[in-house]
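Read the structure below first, then the notes.
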Amino acid sequence: MTSPSSPRWGILGPGGIARAFTSDLRTAGLDVAAVGSRRRETAEAFAADFGIPRAHGSYEELVADPEVDIVYIATPHPMHAGNALLALEAGKHVLVEKAFTLNAAEAATVRDAAAERGLLAMEAMWTRYLPHMVRIRELVASGALGEIRAVTADHTQSLPSDPAHRINDLDLGGGALLDLGIYPVSFAWDILGEPLSIAAAARIGDAGSDTEVATIMTHASGALSTSLSASRGAGPNTATIIGTDARIDIDRVWYSATSFRLVGPDGAVREEFRSEIEGRGMQYQALAAERLLAEGRTDSDVLPIDETVAIMAALDEIRSLVGVRYPGEE
């Protein structure tokens, strides 16, 4: 399928994350053509807030809209696969919020459906597209850190303890891992590649979902990565890449547009990077998707769809290790 040089965005699921994303689309001057919700009044209110020309009272109407080329999917995790397939079957490209799906099997189904139709299916892991992460990958590739020995990151927040809240409810894909842990796990993968082994421990809340989860992964180079994710207490939310010749210290909040320093073994700062962007920075993933479509490509070079599926498999393994299973899973 060919798309116009400026793809027209449709927003599926106008919740909080969709508001942040759409605001950044507007900041970047991108074309937001329509929004769809299960309730027309919700879609109309969202459209009014952002000056979106069309509001649809169902997801089916949104994906059928001929003025929409690419659909941003921002519903809870268990709905991602079904919503993505709905859009793909209507001939639309998709940018799907992370976690991409509930598990690897669902992710593979979405990947295969997109491939069959020659469409883009891309995970909205916005961190990978931010300017500071682009520069970090350049430094790693240049050998500035020497041999990378370890990567560590935390994603820790103080979120509601109500068992019915989305972060805790297993029916909604709740748990710290899928909402928060996806960030450091994907980060370690980005720097060190696919893990060879995974160890994990977690604390399980009253709702049966993980409230804290820690991981240790080994990678092909021999490097180790560690992560801590938690929904009941806010930590530093920083990250470090440790090499034999230097390290990179990423400031809070490391997964958003922030600053970092390249530091030598003697503590001397060799390079300092400060993000200067407009908005929150979610527009960079959208701009990347638009570039891919303009070039006639249907897979991200920054986060290929096969890697997204493999990361979901790693999250599956972590959940298996700590004993978290979602309703309907085998």
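Residue names in the structure tokens use chain letters A, B, ... in the order shown, residue numbers from 1 in each chain, and ligand numbers from 1 in the order shown.
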Long-range neighbours of segment 112-119 of chain A as number ranges by chain, 12 Å cut-off, only C-alpha atoms, 2 positions minimum in chain: A: 1-3, 69-71, 81-82, 84-95, 105-110, 121-122, 289, 292-293, 296-300, 305-306, 309
Kindly export the residues of the current selection with C-alpha atoms, as a PDB file, in the first residue's frame.
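So the final result, stored in part_30.pdb, reads:
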```pdb
ATOM      1  CA  MET A   1       0.000   0.000   0.000  1.00  0.00           C
ATOM      2  CA  THR A   2       1.293   3.451  -0.810  1.00  0.00           C
ATOM      3  CA  SER A   3       0.633   6.395   1.451  1.00  0.00           C
ATOM      4  CA  ASP A  69      -3.548   6.352   6.582  1.00  0.00           C
ATOM      5  CA  ILE A  70      -1.947   5.333   9.876  1.00  0.00           C
ATOM      6  CA  VAL A  71      -3.613   4.522  13.192  1.00  0.00           C
ATOM      7  CA  ALA A  81      -3.725  -6.963  19.180  1.00  0.00           C
ATOM      8  CA  GLY A  82      -7.415  -6.843  18.274  1.00  0.00           C
ATOM      9  CA  ALA A  84      -4.174  -3.437  15.464  1.00  0.00           C
ATOM     10  CA  LEU A  85      -5.636  -6.292  13.438  1.00  0.00           C
ATOM     11  CA  LEU A  86      -8.812  -4.271  12.899  1.00  0.00           C
ATOM     12  CA  ALA A  87      -6.779  -1.398  11.464  1.00  0.00           C
ATOM     13  CA  LEU A  88      -4.496  -3.623   9.392  1.00  0.00           C
ATOM     14  CA  GLU A  89      -7.455  -5.466   7.890  1.00  0.00           C
ATOM     15  CA  ALA A  90      -8.802  -2.057   6.854  1.00  0.00           C
ATOM     16  CA  GLY A  91      -5.520  -1.335   5.060  1.00  0.00           C
ATOM     17  CA  LYS A  92      -4.097   1.076   7.638  1.00  0.00           C
ATOM     18  CA  HIS A  93      -0.566   1.206   8.997  1.00  0.00           C
ATOM     19  CA  VAL A  94      -0.310   1.009  12.788  1.00  0.00           C
ATOM     20  CA  LEU A  95       1.805   2.512  15.546  1.00  0.00           C
ATOM     21  CA  ALA A 105       1.900 -14.871  20.413  1.00  0.00           C
ATOM     22  CA  GLU A 106      -0.330 -11.830  19.929  1.00  0.00           C
ATOM     23  CA  ALA A 107       2.632  -9.754  18.760  1.00  0.00           C
ATOM     24  CA  ALA A 108       3.520 -12.351  16.134  1.00  0.00           C
ATOM     25  CA  THR A 109      -0.076 -12.350  14.877  1.00  0.00           C
ATOM     26  CA  VAL A 110       0.043  -8.581  14.381  1.00  0.00           C
ATOM     27  CA  ALA A 121       3.364  -2.251  12.203  1.00  0.00           C
ATOM     28  CA  MET A 122       5.613  -0.424  14.647  1.00  0.00           C
ATOM     29  CA  ALA A 289       7.114   6.218  10.973  1.00  0.00           C
ATOM     30  CA  LEU A 292       9.617   4.904   6.644  1.00  0.00           C
ATOM     31  CA  LEU A 293       6.377   5.252   4.711  1.00  0.00           C
ATOM     32  CA  GLY A 296       8.279   2.762   0.937  1.00  0.00           C
ATOM     33  CA  ARG A 297       9.503   0.744   3.920  1.00  0.00           C
ATOM     34  CA  THR A 298       7.371  -1.259   6.322  1.00  0.00           C
ATOM     35  CA  ASP A 299       9.756  -1.990   9.187  1.00  0.00           C
ATOM     36  CA  SER A 300      11.608   0.233  11.628  1.00  0.00           C
ATOM     37  CA  ILE A 305       9.029  -5.714  14.391  1.00  0.00           C
ATOM     38  CA  ASP A 306      10.863  -9.032  14.899  1.00  0.00           C
ATOM     39  CA  VAL A 309       8.060  -9.798  19.116  1.00  0.00           C
TER      40      VAL A 309
END
```
Spatial neighbours of Ala288 of chain A, 12 Å, only C-alpha atoms, chain gap at least 6 places, as an NGL selection string: :A and (7 or 95 or 120 or 122-126 or 128-130 or 282 or 294-295 or 297-303)
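Between Ala34 of chain A and the candidates A:Pro236, A:Pro14, A:Gly279, A:Gly174, the tightest atom-to-atom separation, counting only C-alpha atoms, involves A:Pro14.
Going from atom CA of Ser275 of chain A over to atom CA of Arg137 of chain A, you cover 15.0 Å.
For the pair atom CA of Gln283 of chain A and atom CA of Thr27 of chain A, the separation is 7.9 Å.
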DSSP-assigned strand (DSSP E) members of segment 57-195 of chain A, reported as a count of residues only: 23
From A:Phe100, A:Tyr255, A:Tyr326, A:Phe187, residue lying nearest Ala313 of chain A [only C-alpha atoms]: A:Phe100
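Counting only C-alpha atoms, the residue from A:Leu170, A:Ile250, A:Ala239, A:Ala286 that sits nearest to Phe273 of chain A is A:Ile250.
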Non-local contacts of Leu139 of chain A (12 Å; only C-alpha atoms; under 6 positions in same chain excluded) as JSON, numbers by chain: {"A": [132, 133, 145, 146, 148, 191, 241, 243, 245, 246, 247, 248, 260, 261, 262, 263, 270, 271, 272, 273]}
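The nearest approach to Glu60 of chain A among the residues A:Val269, A:Ala214, A:Met312, A:Leu12, with only C-alpha atoms taken into account, belongs to A:Leu12.
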Contact residues around Ala230 of chain A with only C-alpha atoms at 6 Å, ignoring same-chain residues under 4 positions, as a ChimeraX atom specification: /A:156,176,211-212
All helix (DSSP H, G or I) residues (DSSP, backbone) inside segment 53-148 of chain A, as a count of residues only: 49
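Pairwise distance (atom CA of Leu180 of chain A, atom CA of Ser227 of chain A) equals 10.5 Å.
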